[in-house]
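K.L.:
Just protein_4.cif, nothing more (mmCIF, C-alpha atoms):
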```cif
data_target
#
loop_
_atom_site.label_atom_id
_atom_site.label_comp_id
_atom_site.auth_asym_id
_atom_site.auth_seq_id
_atom_site.Cartn_x
_atom_site.Cartn_y
_atom_site.Cartn_z
CA MET A 1 106.34 -155.84 -95.03
CA MET A 2 107.57 -152.28 -94.48
CA SER A 3 111.08 -152.23 -93.04
CA VAL A 4 111.74 -148.53 -93.59
CA MET A 5 109.17 -145.83 -92.81
CA SER A 6 110.13 -142.21 -93.27
CA PHE A 7 108.64 -139.71 -90.86
CA PRO A 8 106.34 -137.25 -92.70
CA ALA A 9 106.94 -133.50 -92.79
CA LEU A 10 104.51 -131.84 -90.39
CA PRO A 11 103.26 -128.22 -90.20
CA SER A 12 103.97 -125.96 -87.23
CA PRO A 13 101.34 -126.33 -84.52
CA PRO A 14 98.64 -123.65 -84.26
CA SER A 15 97.67 -121.95 -81.01
CA TRP A 16 94.15 -122.69 -79.77
CA PHE A 17 93.49 -121.53 -76.22
CA PRO A 18 90.08 -119.80 -75.99
CA GLY A 19 89.18 -117.58 -73.05
CA HIS A 20 87.06 -120.19 -71.25
CA MET A 21 90.12 -122.46 -70.98
CA ASN A 22 92.16 -119.67 -69.42
CA ARG A 23 89.35 -118.94 -66.93
CA PHE A 24 89.14 -122.57 -65.85
CA THR A 25 92.92 -122.80 -65.40
CA LYS A 26 92.73 -119.85 -62.98
CA GLN A 27 89.73 -121.35 -61.16
CA LEU A 28 91.31 -124.79 -60.74
CA PRO A 29 93.13 -124.23 -57.37
CA ALA A 30 89.89 -123.04 -55.76
CA LEU A 31 87.96 -125.97 -57.23
CA LEU A 32 90.53 -128.44 -55.94
CA SER A 33 90.13 -127.08 -52.41
CA ARG A 34 86.64 -128.59 -52.34
CA THR A 35 87.54 -131.72 -54.30
CA ASP A 36 88.20 -135.18 -52.86
CA VAL A 37 88.94 -137.16 -56.02
CA VAL A 38 90.43 -135.90 -59.29
CA LEU A 39 89.33 -137.97 -62.26
CA GLU A 40 91.73 -137.14 -65.07
CA LEU A 41 90.64 -138.36 -68.49
CA ARG A 42 93.12 -139.11 -71.25
CA ASP A 43 92.73 -140.72 -74.64
CA SER A 44 94.00 -144.32 -74.73
CA ARG A 45 95.54 -143.67 -78.15
CA LEU A 46 97.54 -140.74 -76.73
CA PRO A 47 98.19 -141.64 -73.07
CA LEU A 48 101.22 -139.32 -72.89
CA THR A 49 100.32 -136.60 -75.38
CA SER A 50 96.92 -136.03 -73.74
CA ILE A 51 98.60 -135.09 -70.44
CA ASN A 52 98.15 -131.39 -69.75
CA ASN A 53 101.25 -130.29 -67.87
CA ASN A 54 99.65 -126.93 -67.07
CA LEU A 55 97.19 -128.71 -64.78
CA GLU A 56 99.87 -130.88 -63.17
CA SER A 57 101.29 -128.17 -60.91
CA ALA A 58 97.86 -127.35 -59.45
CA ILE A 59 97.11 -131.05 -58.84
CA ASN A 60 100.52 -131.67 -57.24
CA LYS A 61 100.04 -128.67 -54.95
CA TRP A 62 96.59 -129.94 -53.96
CA ARG A 63 98.01 -133.35 -53.06
CA ALA A 64 100.91 -131.81 -51.15
CA GLU A 65 98.55 -129.62 -49.11
CA ARG A 66 96.65 -132.73 -48.08
CA GLY A 67 99.81 -134.62 -47.27
CA HIS A 68 99.44 -137.00 -50.21
CA HIS A 69 96.73 -138.86 -48.34
CA SER A 70 95.56 -142.01 -50.03
CA THR A 71 92.52 -143.85 -48.75
CA HIS A 72 94.00 -143.99 -45.25
CA VAL A 73 91.60 -142.54 -42.68
CA THR A 74 93.32 -140.36 -40.11
CA PRO A 75 92.05 -140.20 -36.51
CA ILE A 76 89.01 -137.93 -36.31
CA SER A 77 89.39 -134.96 -34.04
CA SER A 78 86.66 -132.43 -33.32
CA THR A 79 88.17 -130.09 -35.92
CA THR A 80 88.32 -132.84 -38.52
CA SER A 81 84.72 -133.76 -37.82
CA ARG A 82 83.60 -130.20 -38.47
CA ASN A 83 85.56 -130.12 -41.72
CA SER A 84 84.22 -133.50 -42.80
CA SER A 85 80.68 -132.34 -42.28
CA LEU A 86 81.26 -129.98 -45.18
CA GLY A 87 81.72 -132.99 -47.43
CA TYR A 88 85.28 -132.21 -48.47
CA GLY A 89 88.60 -131.18 -46.96
CA GLY A 90 88.77 -134.44 -45.00
CA PRO A 91 91.25 -137.28 -45.44
CA ILE A 92 90.32 -138.16 -49.03
CA CYS A 93 92.85 -137.19 -51.69
CA GLU A 94 92.80 -139.48 -54.70
CA ARG A 95 93.87 -139.09 -58.30
CA ILE A 96 92.54 -141.56 -60.86
CA VAL A 97 93.80 -141.46 -64.45
CA VAL A 98 91.13 -142.86 -66.77
CA LEU A 99 92.32 -143.95 -70.22
CA ASN A 100 89.11 -143.60 -72.23
CA LYS A 101 88.28 -145.30 -75.55
CA ARG A 102 90.23 -148.44 -74.66
CA ASP A 103 88.67 -150.32 -77.57
CA PHE A 104 90.84 -148.21 -79.91
CA VAL A 105 94.13 -149.71 -78.65
CA PRO A 106 95.32 -153.34 -78.84
CA GLU A 107 94.37 -155.30 -75.73
CA TRP A 108 97.81 -156.92 -75.48
CA GLY A 109 99.35 -153.60 -74.42
CA VAL A 110 96.91 -152.66 -71.64
CA GLU A 111 98.49 -154.63 -68.78
CA PRO A 112 102.12 -153.80 -69.73
CA PHE A 113 101.11 -150.12 -69.87
CA LYS A 114 99.48 -150.29 -66.42
CA ARG A 115 102.61 -151.84 -64.96
CA ALA A 116 104.85 -149.31 -66.70
CA MET A 117 102.78 -146.43 -65.30
CA LYS A 118 102.81 -148.00 -61.83
CA THR A 119 106.60 -148.12 -62.01
CA LYS A 120 107.02 -144.52 -63.21
CA PHE A 121 104.05 -142.89 -61.42
CA PRO A 122 103.27 -144.98 -58.31
CA ASP A 123 100.92 -142.30 -56.89
CA GLN A 124 98.53 -142.53 -59.86
CA THR A 125 95.76 -145.10 -60.20
CA VAL A 126 95.29 -146.02 -63.88
CA HIS A 127 91.95 -147.34 -65.15
CA PHE A 128 91.07 -148.20 -68.75
CA ALA A 129 87.49 -147.63 -69.85
CA SER A 130 85.18 -147.39 -72.81
CA CYS A 131 81.91 -145.55 -72.29
CA ASN A 132 79.99 -148.06 -74.39
CA LYS A 133 81.10 -150.98 -72.21
CA PRO A 134 78.98 -151.25 -69.00
CA ARG A 135 81.61 -153.46 -67.34
CA ASP A 136 84.23 -150.68 -67.54
CA ILE A 137 81.80 -148.06 -66.21
CA ARG A 138 80.64 -150.34 -63.39
CA SER A 139 84.24 -150.99 -62.38
CA LEU A 140 85.01 -147.25 -62.23
CA SER A 141 81.76 -146.51 -60.37
CA GLU A 142 82.59 -149.19 -57.79
CA MET A 143 86.08 -147.73 -57.42
CA LEU A 144 84.64 -144.30 -56.54
CA ILE A 145 82.03 -145.79 -54.18
CA ASN A 146 84.68 -147.87 -52.39
CA ILE A 147 86.84 -144.78 -51.85
CA ALA A 148 83.82 -143.03 -50.29
CA LYS A 149 82.98 -146.04 -48.11
CA ARG A 150 86.53 -146.26 -46.79
CA ASN A 151 86.07 -142.69 -45.53
CA PRO A 152 82.76 -142.97 -43.61
CA HIS A 153 83.28 -139.75 -41.63
CA ALA A 154 82.81 -137.61 -44.75
CA THR A 155 79.15 -136.89 -45.40
CA GLU A 156 79.75 -136.77 -49.16
CA MET A 157 82.54 -137.07 -51.69
CA ASN A 158 83.19 -134.62 -54.52
CA VAL A 159 84.81 -135.66 -57.80
CA LEU A 160 86.31 -133.20 -60.28
CA VAL A 161 86.67 -134.45 -63.86
CA ILE A 162 89.44 -132.79 -65.89
CA GLY A 163 91.28 -133.40 -69.14
CA MET A 164 92.02 -132.10 -72.60
CA PRO A 165 89.19 -131.29 -75.04
CA ASN A 166 87.15 -134.13 -76.52
CA VAL A 167 88.55 -136.98 -74.43
CA GLY A 168 85.01 -137.95 -73.36
CA LYS A 169 84.54 -136.26 -69.96
CA SER A 170 80.83 -135.42 -70.32
CA THR A 171 80.03 -138.81 -71.89
CA LEU A 172 81.79 -140.63 -69.06
CA LEU A 173 79.89 -138.68 -66.39
CA ASN A 174 76.56 -139.42 -68.07
CA SER A 175 77.50 -143.12 -68.06
CA LEU A 176 78.61 -143.06 -64.40
CA ARG A 177 75.37 -141.34 -63.38
CA ASN A 178 73.31 -143.87 -65.30
CA MET A 179 75.22 -146.70 -63.59
CA GLY A 180 75.16 -145.27 -60.05
CA ILE A 181 71.60 -143.91 -59.75
CA PRO A 182 68.76 -146.49 -59.65
CA GLY A 183 65.98 -146.19 -62.22
CA ARG A 184 65.90 -144.16 -65.39
CA THR A 185 68.27 -141.20 -65.39
CA PRO A 186 67.99 -138.57 -68.13
CA LYS A 187 71.12 -137.38 -69.89
CA ALA A 188 72.47 -134.65 -67.63
CA LEU A 189 75.31 -133.25 -69.74
CA GLN A 190 75.33 -132.35 -73.41
CA THR A 191 78.03 -133.95 -75.52
CA SER A 192 79.58 -133.16 -78.90
CA ALA A 193 82.12 -134.67 -81.28
CA GLN A 194 83.67 -131.20 -81.65
CA PRO A 195 86.23 -129.89 -79.13
CA GLY A 196 85.36 -126.98 -76.86
CA HIS A 197 81.65 -127.80 -76.41
CA THR A 198 81.78 -127.61 -72.58
CA ARG A 199 82.79 -124.05 -71.73
CA ALA A 200 82.07 -123.74 -68.00
CA ILE A 201 82.04 -125.78 -64.80
CA SER A 202 78.83 -127.80 -64.56
CA THR A 203 76.48 -127.85 -61.60
CA ARG A 204 77.00 -130.73 -59.19
CA LEU A 205 75.97 -134.06 -60.66
CA LYS A 206 75.02 -136.93 -58.35
CA LEU A 207 76.81 -140.18 -59.19
CA SER A 208 75.74 -142.24 -56.17
CA GLU A 209 73.10 -141.96 -53.44
CA ASP A 210 74.62 -144.28 -50.85
CA PRO A 211 77.29 -143.18 -50.20
CA LEU A 212 76.75 -139.69 -51.57
CA VAL A 213 79.12 -139.02 -54.48
CA TYR A 214 78.90 -135.84 -56.54
CA SER A 215 80.90 -134.68 -59.52
CA TYR A 216 81.71 -131.58 -61.54
CA ASP A 217 82.27 -131.58 -65.28
CA SER A 218 84.85 -129.10 -66.54
CA PRO A 219 85.88 -127.56 -69.87
CA GLY A 220 88.58 -129.36 -71.79
CA VAL A 221 91.81 -127.41 -71.48
CA MET A 222 94.37 -127.35 -74.27
CA LEU A 223 98.00 -126.32 -73.79
CA PRO A 224 98.42 -122.59 -74.54
CA PHE A 225 101.36 -123.49 -76.78
CA LEU A 226 102.09 -126.95 -78.17
CA GLY A 227 105.81 -126.35 -78.58
CA ARG A 228 108.35 -125.62 -81.28
CA GLY A 229 110.16 -127.99 -83.61
CA ASP A 230 109.26 -131.56 -84.49
CA ARG A 231 107.92 -132.48 -81.05
CA GLY A 232 105.46 -129.59 -81.01
CA ALA A 233 104.40 -130.28 -84.59
CA GLU A 234 103.77 -133.96 -83.87
CA ARG A 235 101.87 -133.16 -80.67
CA GLY A 236 99.53 -130.86 -82.57
CA VAL A 237 98.82 -133.37 -85.36
CA LYS A 238 98.12 -136.15 -82.85
CA LEU A 239 95.58 -133.99 -80.99
CA ALA A 240 93.96 -132.89 -84.24
CA LEU A 241 93.52 -136.53 -85.31
CA ILE A 242 91.56 -137.39 -82.15
CA ALA A 243 89.56 -134.12 -82.59
CA GLY A 244 91.16 -132.67 -79.45
CA ILE A 245 91.99 -129.51 -81.37
CA LYS A 246 89.99 -127.97 -84.19
CA GLU A 247 90.64 -129.91 -87.38
CA SER A 248 90.08 -126.77 -89.46
CA LEU A 249 93.38 -125.41 -88.14
CA TYR A 250 95.22 -128.09 -90.11
CA ASP A 251 95.67 -129.10 -93.72
CA ILE A 252 93.73 -132.37 -93.89
CA GLU A 253 96.33 -134.01 -96.13
CA ALA A 254 99.01 -133.41 -93.47
CA LEU A 255 96.83 -135.32 -91.01
CA VAL A 256 96.49 -138.17 -93.51
CA ALA A 257 100.27 -138.37 -94.04
CA TYR A 258 100.86 -138.74 -90.30
CA LEU A 259 97.95 -141.16 -89.88
CA LEU A 260 99.41 -143.39 -92.60
CA TYR A 261 102.76 -143.37 -90.81
CA ARG A 262 101.17 -144.35 -87.49
CA LEU A 263 99.00 -147.10 -88.96
CA ASN A 264 102.12 -148.51 -90.63
CA VAL A 265 103.90 -148.53 -87.25
CA LEU A 266 100.95 -150.21 -85.50
CA ASN A 267 100.97 -153.03 -88.03
CA PRO A 268 103.84 -152.88 -90.54
CA ILE A 269 102.80 -156.22 -92.05
CA SER A 270 99.14 -155.46 -92.83
CA PRO A 271 98.08 -151.90 -91.87
CA ALA A 272 94.39 -151.35 -91.13
CA TYR A 273 93.82 -149.10 -94.16
CA LEU A 274 94.50 -151.95 -96.62
CA ILE A 275 90.88 -153.10 -96.26
CA LEU A 276 89.88 -149.85 -97.99
CA LEU A 277 92.04 -150.45 -101.07
CA PRO A 278 91.70 -152.95 -103.90
CA PRO A 279 92.75 -156.54 -103.04
CA GLY A 280 96.49 -157.10 -103.40
CA SER A 281 97.40 -153.49 -102.51
CA ARG A 282 100.61 -153.03 -100.58
CA PRO A 283 101.33 -150.74 -97.59
CA SER A 284 102.11 -147.17 -98.62
CA THR A 285 103.92 -144.17 -97.20
CA ASP A 286 102.90 -141.83 -100.04
CA ALA A 287 99.83 -139.90 -98.86
CA GLU A 288 99.10 -138.44 -102.28
CA ASP A 289 99.16 -141.81 -104.03
CA PHE A 290 97.08 -143.39 -101.23
CA LEU A 291 94.39 -140.69 -101.43
CA GLU A 292 94.16 -141.07 -105.21
CA GLN A 293 93.62 -144.83 -104.82
CA LEU A 294 91.06 -144.22 -102.07
CA ALA A 295 89.16 -141.61 -104.11
CA ILE A 296 88.87 -144.06 -107.01
CA ARG A 297 87.80 -146.85 -104.67
CA LEU A 298 85.09 -144.64 -103.08
CA ASN A 299 84.10 -143.10 -106.44
CA MET A 300 84.93 -139.63 -105.14
CA LEU A 301 85.46 -137.87 -108.46
CA LEU A 302 85.10 -134.27 -109.60
CA ARG A 303 83.94 -133.14 -113.03
CA GLY A 304 86.17 -134.45 -115.76
CA GLY A 305 87.07 -137.51 -113.73
CA GLU A 306 89.55 -135.69 -111.47
CA LYS A 307 90.05 -137.44 -108.14
CA ASP A 308 88.61 -135.57 -105.12
CA THR A 309 91.50 -136.23 -102.75
CA VAL A 310 90.39 -133.61 -100.21
CA ARG A 311 87.05 -135.31 -99.75
CA ALA A 312 88.77 -138.71 -99.59
CA ALA A 313 91.16 -137.36 -96.92
CA LYS A 314 88.29 -136.14 -94.73
CA TRP A 315 86.51 -139.47 -95.15
CA PHE A 316 89.65 -141.41 -94.23
CA VAL A 317 90.28 -139.45 -91.01
CA GLU A 318 86.62 -139.85 -89.98
CA TRP A 319 86.77 -143.56 -90.81
CA TRP A 320 89.78 -144.00 -88.53
CA ARG A 321 88.05 -142.14 -85.67
CA ASN A 322 85.27 -144.72 -85.77
CA GLU A 323 85.44 -148.24 -87.21
CA GLY A 324 88.98 -147.81 -88.51
CA GLY A 325 90.25 -147.34 -84.97
CA LEU A 326 88.70 -150.67 -84.01
CA VAL A 327 90.35 -152.36 -86.98
CA SER A 328 93.78 -150.95 -86.10
CA ALA A 329 93.32 -152.11 -82.48
CA SER A 330 92.83 -155.72 -83.58
CA VAL A 331 96.49 -156.17 -84.53
CA PRO A 332 97.89 -159.37 -82.90
CA GLU A 333 100.64 -159.17 -80.32
CA LYS A 334 102.97 -161.25 -82.47
CA LEU A 335 103.33 -160.26 -86.11
CA PRO A 336 103.99 -162.89 -88.76
CA THR A 337 107.62 -163.24 -89.79
CA GLY A 338 109.17 -163.18 -93.23
CA SER A 339 109.90 -166.23 -95.36
CA ASP A 340 113.24 -166.71 -93.59
CA GLY A 341 111.49 -166.87 -90.22
CA PHE A 342 112.75 -163.47 -89.04
CA HIS A 343 111.51 -159.90 -88.96
CA ALA A 344 113.28 -157.21 -90.92
CA PRO A 345 116.12 -155.92 -88.68
CA SER A 346 114.81 -152.34 -88.60
CA LEU A 347 111.10 -153.19 -88.28
CA ARG A 348 109.26 -150.65 -86.16
CA ARG A 349 105.98 -151.15 -84.41
CA GLY A 350 104.08 -149.58 -81.54
CA TRP A 351 101.00 -149.33 -79.36
CA GLY A 352 98.70 -146.33 -79.64
CA PHE A 353 100.31 -143.24 -81.11
CA ASP A 354 102.71 -142.49 -78.24
CA PHE A 355 104.69 -145.73 -78.15
CA GLU A 356 107.07 -146.93 -80.82
CA TRP A 357 110.03 -149.30 -80.72
CA THR A 358 112.29 -151.45 -82.86
CA VAL A 359 111.35 -155.13 -82.88
CA ASP A 360 114.04 -157.32 -81.31
CA ALA A 361 114.34 -160.86 -79.92
CA SER A 362 112.56 -159.96 -76.64
CA ILE A 363 109.49 -158.58 -78.43
CA ASN A 364 109.39 -161.76 -80.51
CA SER A 365 108.76 -163.85 -77.38
CA THR A 366 105.33 -164.98 -76.17
CA GLY A 367 103.22 -164.98 -72.99
CA GLY A 368 104.68 -163.34 -69.89
CA ASP A 369 108.05 -162.74 -71.53
CA PHE A 370 106.33 -160.74 -74.27
CA GLU A 371 104.39 -158.63 -71.75
CA SER A 372 107.56 -157.92 -69.76
CA ALA A 373 109.40 -156.93 -72.94
CA VAL A 374 106.57 -154.59 -73.99
CA GLN A 375 106.49 -153.07 -70.50
CA MET A 376 110.23 -152.37 -70.75
CA LYS A 377 109.80 -150.71 -74.14
CA MET A 378 106.93 -148.61 -72.78
CA GLU A 379 108.99 -147.53 -69.77
CA GLU A 380 111.72 -146.39 -72.15
CA CYS A 381 109.16 -144.35 -74.12
CA ILE A 382 107.80 -142.80 -70.90
CA ASP A 383 111.34 -141.89 -69.79
CA GLU A 384 111.97 -140.27 -73.17
CA SER A 385 108.72 -138.31 -72.93
CA ILE A 386 109.62 -137.04 -69.44
CA ARG A 387 113.13 -136.14 -70.58
CA ALA A 388 111.83 -134.28 -73.63
CA ALA A 389 109.29 -132.34 -71.54
CA SER A 390 112.00 -131.33 -69.05
CA GLU A 391 114.31 -130.30 -71.87
CA ASP A 392 111.58 -128.19 -73.50
CA GLU A 393 110.82 -126.48 -70.20
CA ARG A 394 114.49 -125.81 -69.48
CA SER A 395 115.25 -124.46 -72.96
CA GLY A 396 112.00 -122.51 -73.30
CA VAL A 397 110.93 -124.45 -76.40
CA GLY A 398 107.52 -125.07 -74.85
CA ILE A 399 106.84 -121.35 -74.44
CA SER A 400 105.51 -119.21 -77.28
CA THR A 401 106.88 -115.78 -78.18
CA THR A 402 103.73 -114.17 -76.75
CA GLN A 403 104.19 -116.04 -73.46
CA GLU A 404 107.84 -114.96 -73.33
CA ARG A 405 106.85 -111.30 -73.75
CA LYS A 406 104.16 -111.65 -71.09
CA ARG A 407 106.56 -113.31 -68.67
CA SER A 408 109.17 -110.60 -69.29
CA TRP A 409 106.57 -107.88 -68.68
CA GLN A 410 105.48 -109.54 -65.42
CA GLU A 411 109.09 -109.77 -64.23
CA LYS A 412 109.61 -106.06 -64.93
CA GLN A 413 106.41 -105.20 -63.08
CA SER A 414 107.55 -107.26 -60.09
CA MET A 415 110.95 -105.54 -60.06
CA ARG A 416 109.32 -102.11 -60.20
CA ALA A 417 106.97 -103.03 -57.37
CA ALA A 418 109.90 -104.30 -55.26
CA LYS A 419 111.89 -101.09 -55.87
CA SER A 420 108.92 -98.91 -54.97
CA LYS A 421 108.37 -100.92 -51.79
CA ALA A 422 112.03 -100.61 -50.84
CA LYS A 423 112.01 -96.81 -51.42
CA PHE A 424 108.85 -96.42 -49.36
CA ALA A 425 110.36 -98.44 -46.50
CA ALA A 426 113.57 -96.37 -46.63
CA ARG A 427 111.65 -93.05 -46.44
CA LYS A 428 109.53 -94.37 -43.59
CA ALA A 429 112.63 -95.46 -41.67
CA ALA A 430 114.22 -92.03 -42.19
#
```
Show the structure stored in the file as C-alpha cells.
P.N.:
Amino acid sequence: MMSVMSFPALPSPPSWFPGHMNRFTKQLPALLSRTDVVLELRDSRLPLTSINNNLESAINKWRAERGHHSTHVTPISSTTSRNSSLGYGGPICERIVVLNKRDFVPEWGVEPFKRAMKTKFPDQTVHFASCNKPRDIRSLSEMLINIAKRNPHATEMNVLVIGMPNVGKSTLLNSLRNMGIPGRTPKALQTSAQPGHTRAISTRLKLSEDPLVYSYDSPGVMLPFLGRGDRGAERGVKLALIAGIKESLYDIEALVAYLLYRLNVLNPISPAYLILLPPGSRPSTDAEDFLEQLAIRLNMLLRGGEKDTVRAAKWFVEWWRNEGGLVSASVPEKLPTGSDGFHAPSLRRGWGFDFEWTVDASINSTGGDFESAVQMKMEECIDESIRAASEDERSGVGISTTQERKRSWQEKQSMRAAKSKAKFAARKAA
C-alpha cells in the first residue's frame, strides 16, 4: 500500500495552436447560427481538462441568443414557420456533453459524476459513450432523434460536433451514421490516432433519414496557451498522455513519471502497471527504476546489455492508451484495507485523471452511501477546477506573453481609432 505519493516535477507546457484551429475558432459563431444541437466531446479520463474554455463563450452566446430554449416547442407564427423551413434557427437549442471512451474509467464513478455535473451544470446533458459499444451509440442516436421529433415543425436538425483534438469526434460520427442509416454505410470520415488529422469543417453528414438529422465534423481545437505554473504543466501532460497534443513536444520519461503517479492514485493498493513487472513487485514512484525493470521484463536492451528505457517508456504509454487503460478502469469501488482493518490515514485515490481525494470514513461505505460520498468528492473537485480557472483568468496566468502583447496592441489600436473618431466629430461639428 502506498500512503505517500509525491507529485512528480513536470515540464512547462508547450504551445500548439496551428492555423486551422484559429480559423475554426473564428468561424464558430457563424456555424452556431445554423446549428440546433451542439455535441461536445470530452475524454472520460479528463472530463474537466478536456473542456475548451475558448469555445465556451461562443456556445453561451448562442444559447443566450436563442433564449436558452430546451426541447420546449414555442407557438409557431408565420415568421417562425419560415425560419423553421430552413432547417435551423427554430426552437431547438440543445447542448449534449459526450464523455467518450467510458470503458477507460471505473464504472462505479459514472453515476456519481453525472449527478455532480447535473448539480453544477444543470443546463448540460451528460452522456457517457464508447464507440465500440453499440448500446452507447444507439442511446445517443435515439437521444438526437427524440430531440428532432419533439420539434416537428423543423424540416431538419443540424448537429455540430466540437471538442479538443483526438477525443474521437470523427469516429463517433461514423458510428452514429452507421447506427442511424439503414443498410450498409461506408466510412464517411477519416480517422487517425494522431491529433490534428481533421483540419476543416466537413460536409454535411446524414445521421438519420426520418426525422432528418445532419451533422458537421470539426477540427479539434486546443487551447492557445495551457497556462503557467503547476496547473498549466499538469494540463499539458494530461493532454499529451491521451494524445490530445503532439507527444513529440514532450520528454517521454516526464509522461511516464506522471502516468505512474496517476495509476498509483487510481489504485494505491495494486496499480495496473504491476501486471507488467515480475511477480511480487511493489508499487513504485520512481520512474527511472520502473523503466529499468520494464526494459528488462520486455527484453528491451541496447548493445552491451544497457537498458533501453526510452523505448520502454514509449511502449508503456502506448500500453496504457489501449489495454492498460482497461486494466486501470477495473479497480473496485472499495479497496482492501490493511491488516488492522483500516486504510492508511493519508491514502489518496481518484477517478480518471481529474478527480483525486483523501479516503475517509464516508468513502469507505458501500452502496448508495458510497455513491453519495463519491459525488460529494467530485463536486468539491469541480468547484476547485472552476475556482482555479477563474483565478487564472483574473490574474492573467492563462494568457501567454504573446497573447498579452497582442491584446495590448489591440487596445492601443482601439484607443487610436476612438481618438481619431472624436477629432473627426469635433471638426465636423465646428
K.L.:
Nearest to Val359 in chain A among A:Val265, A:Val331, A:Leu39, A:Met21, with distances taken over all atoms listed in the file: which residue is it?
P.N.:
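Answer, going by the shortest atom-to-atom distance: A:Val265.
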K.L.:
Under the rule of at most 6 Å, produce a per-residue listing of range 114-211 of chain A near range 217-222 of chain A: chain, number, name, the closest pair of atoms, and the distance in Å, as a Markdown table, using all atoms listed in the file.
P.N.:
```
| residue | atom | partner | partner_atom | distance |
| --- | --- | --- | --- | --- |
| A:Val161 | CA | A:Asp217 | CA | 5.4 |
| A:Ile162 | CA | A:Ser218 | CA | 5.9 |
| A:Gly163 | CA | A:Gly220 | CA | 5.5 |
| A:Met164 | CA | A:Gly220 | CA | 4.5 |
| A:Pro165 | CA | A:Gly220 | CA | 3.8 |
| A:Thr198 | CA | A:Pro219 | CA | 4.9 |
| A:Arg199 | CA | A:Pro219 | CA | 5.0 |
| A:Ala200 | CA | A:Pro219 | CA | 5.7 |
| A:Ile201 | CA | A:Ser218 | CA | 4.7 |
| A:Ser202 | CA | A:Asp217 | CA | 5.2 |
```
K.L.:
Starting from the PyMOL selection byres ((chain A and resi 29-37) around 9), expand the selection into actual residues of this file and give them as number ranges by chain.
P.N.:
A: 25-28, 38-39, 58-59, 61-62, 87-96, 144, 147, 157-161, 215
K.L.:
Please write the residues from the selection above to a file, keeping C-alpha atoms, as a CSV table (one decimal), keeping the file's coordinate frame.
P.N.:
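Produced file out-v4.csv, reproduced below:
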```
chain,number,residue,atom,x,y,z
A,25,THR,CA,92.9,-122.8,-65.4
A,26,LYS,CA,92.7,-119.8,-63.0
A,27,GLN,CA,89.7,-121.4,-61.2
A,28,LEU,CA,91.3,-124.8,-60.7
A,38,VAL,CA,90.4,-135.9,-59.3
A,39,LEU,CA,89.3,-138.0,-62.3
A,58,ALA,CA,97.9,-127.4,-59.4
A,59,ILE,CA,97.1,-131.0,-58.8
A,61,LYS,CA,100.0,-128.7,-55.0
A,62,TRP,CA,96.6,-129.9,-54.0
A,87,GLY,CA,81.7,-133.0,-47.4
A,88,TYR,CA,85.3,-132.2,-48.5
A,89,GLY,CA,88.6,-131.2,-47.0
A,90,GLY,CA,88.8,-134.4,-45.0
A,91,PRO,CA,91.2,-137.3,-45.4
A,92,ILE,CA,90.3,-138.2,-49.0
A,93,CYS,CA,92.8,-137.2,-51.7
A,94,GLU,CA,92.8,-139.5,-54.7
A,95,ARG,CA,93.9,-139.1,-58.3
A,96,ILE,CA,92.5,-141.6,-60.9
A,144,LEU,CA,84.6,-144.3,-56.5
A,147,ILE,CA,86.8,-144.8,-51.8
A,157,MET,CA,82.5,-137.1,-51.7
A,158,ASN,CA,83.2,-134.6,-54.5
A,159,VAL,CA,84.8,-135.7,-57.8
A,160,LEU,CA,86.3,-133.2,-60.3
A,161,VAL,CA,86.7,-134.4,-63.9
A,215,SER,CA,80.9,-134.7,-59.5
```
K.L.:
Range 378-394 of chain A: which residues within 10 Å, counting only C-alpha atoms, same-chain residues fewer than 4 positions away excluded, as a VMD selection string?
P.N.:
chain A and resid 47 to 49 53 109 112 to 117 119 to 120 227 to 228 231 to 232 350 to 351 354 to 357 372 to 374 398 to 399
K.L.:
One number please: CA of Leu266 in chain A to CA of Ala240 in chain A, in Å, one decimal.
P.N.:
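Computing the Euclidean distance for CA of Leu266 in chain A and CA of Ala240 in chain A yields 18.7 Å.
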K.L.:
Mind giving me the straight-line distance from CA of Trp315 in chain A to CA of Pro278 in chain A in Å, one decimal?
P.N.:
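Taking CA of Trp315 in chain A and CA of Pro278 in chain A, their separation equals 16.9 Å.
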K.L.:
Using only C-alpha atoms, which of A:Asn151, A:Asn22, A:Asn166, A:Ser141 sits nearest Ile242 in chain A?
P.N.:
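Nearest candidate to Ile242 in chain A out of A:Asn151, A:Asn22, A:Asn166, A:Ser141: A:Asn166.
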K.L.:
Pick the closest to Phe17 in chain A from A:Leu301, A:Leu205, A:Ile245, A:Ala254: which is it, counting only C-alpha atoms?
P.N.:
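Using only C-alpha atoms, the shortest distance to Phe17 in chain A belongs to A:Ile245.
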K.L.:
Could you check how far CA of Ala329 in chain A sits from CA of Asp103 in chain A, in Å to one decimal?
P.N.:
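Value for the CA of Ala329 in chain A-CA of Asp103 in chain A distance: 7.0 Å.
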K.L.:
Hey, can you pull every residue with an atom no more than 7 Å from (73.8, -137.8, -63.2), using only C-alpha atoms, and send it as a VMD selection string?
P.N.:
chain A and resid 173 to 174 177 to 178 185 188 205 to 207
K.L.:
Please evaluate the PyMOL selection byres ((chain A and resi 316) around 10) against the structure above and give the resulting residues as a list of chain:residue names.
P.N.:
A:Ile252, A:Leu255, A:Val256, A:Leu259, A:Tyr273, A:Leu276, A:Leu291, A:Leu294, A:Ala295, A:Val310, A:Arg311, A:Ala312, A:Ala313, A:Lys314, A:Trp315, A:Val317, A:Glu318, A:Trp319, A:Trp320, A:Arg321, A:Gly324
K.L.:
Given all atoms listed in the file as the basis, pick out the residue of A:Leu140, A:Met376, A:Leu226, A:Val110 nearest to Leu172 in chain A.
P.N.:
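Of A:Leu140, A:Met376, A:Leu226, A:Val110, the one nearest Leu172 in chain A is A:Leu140, counting all atoms listed in the file.
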K.L.:
In file coordinates, which residues lie within 10 Å of (85.7, -145.8, -45.9) using all atoms listed in the file, given as a VMD selection string?
P.N.:
chain A and resid 71 to 73 92 145 to 154 211
K.L.:
Got a sec: who's within 12 Å of Ser139 in chain A, counting all atoms listed in the file, leaving out chain neighbours fewer than 3 positions off, as a list in words?
P.N.:
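In the requested format, the answer is Val98, His127, Phe128, Ala129, Ser130, Cys131, Lys133, Pro134, Arg135, Asp136, Glu142, Met143, Leu144, Ile145, Asn146, Ser175, Leu176, Met179 and Gly180 of chain A.
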K.L.:
List the residues matched by the PyMOL selection byres ((chain A and resi 230) around 10) in the displayed structure as an NGL selection string, ordered by chain and then by residue number.
P.N.:
:A and (9-13 or 227-229 or 231-236)
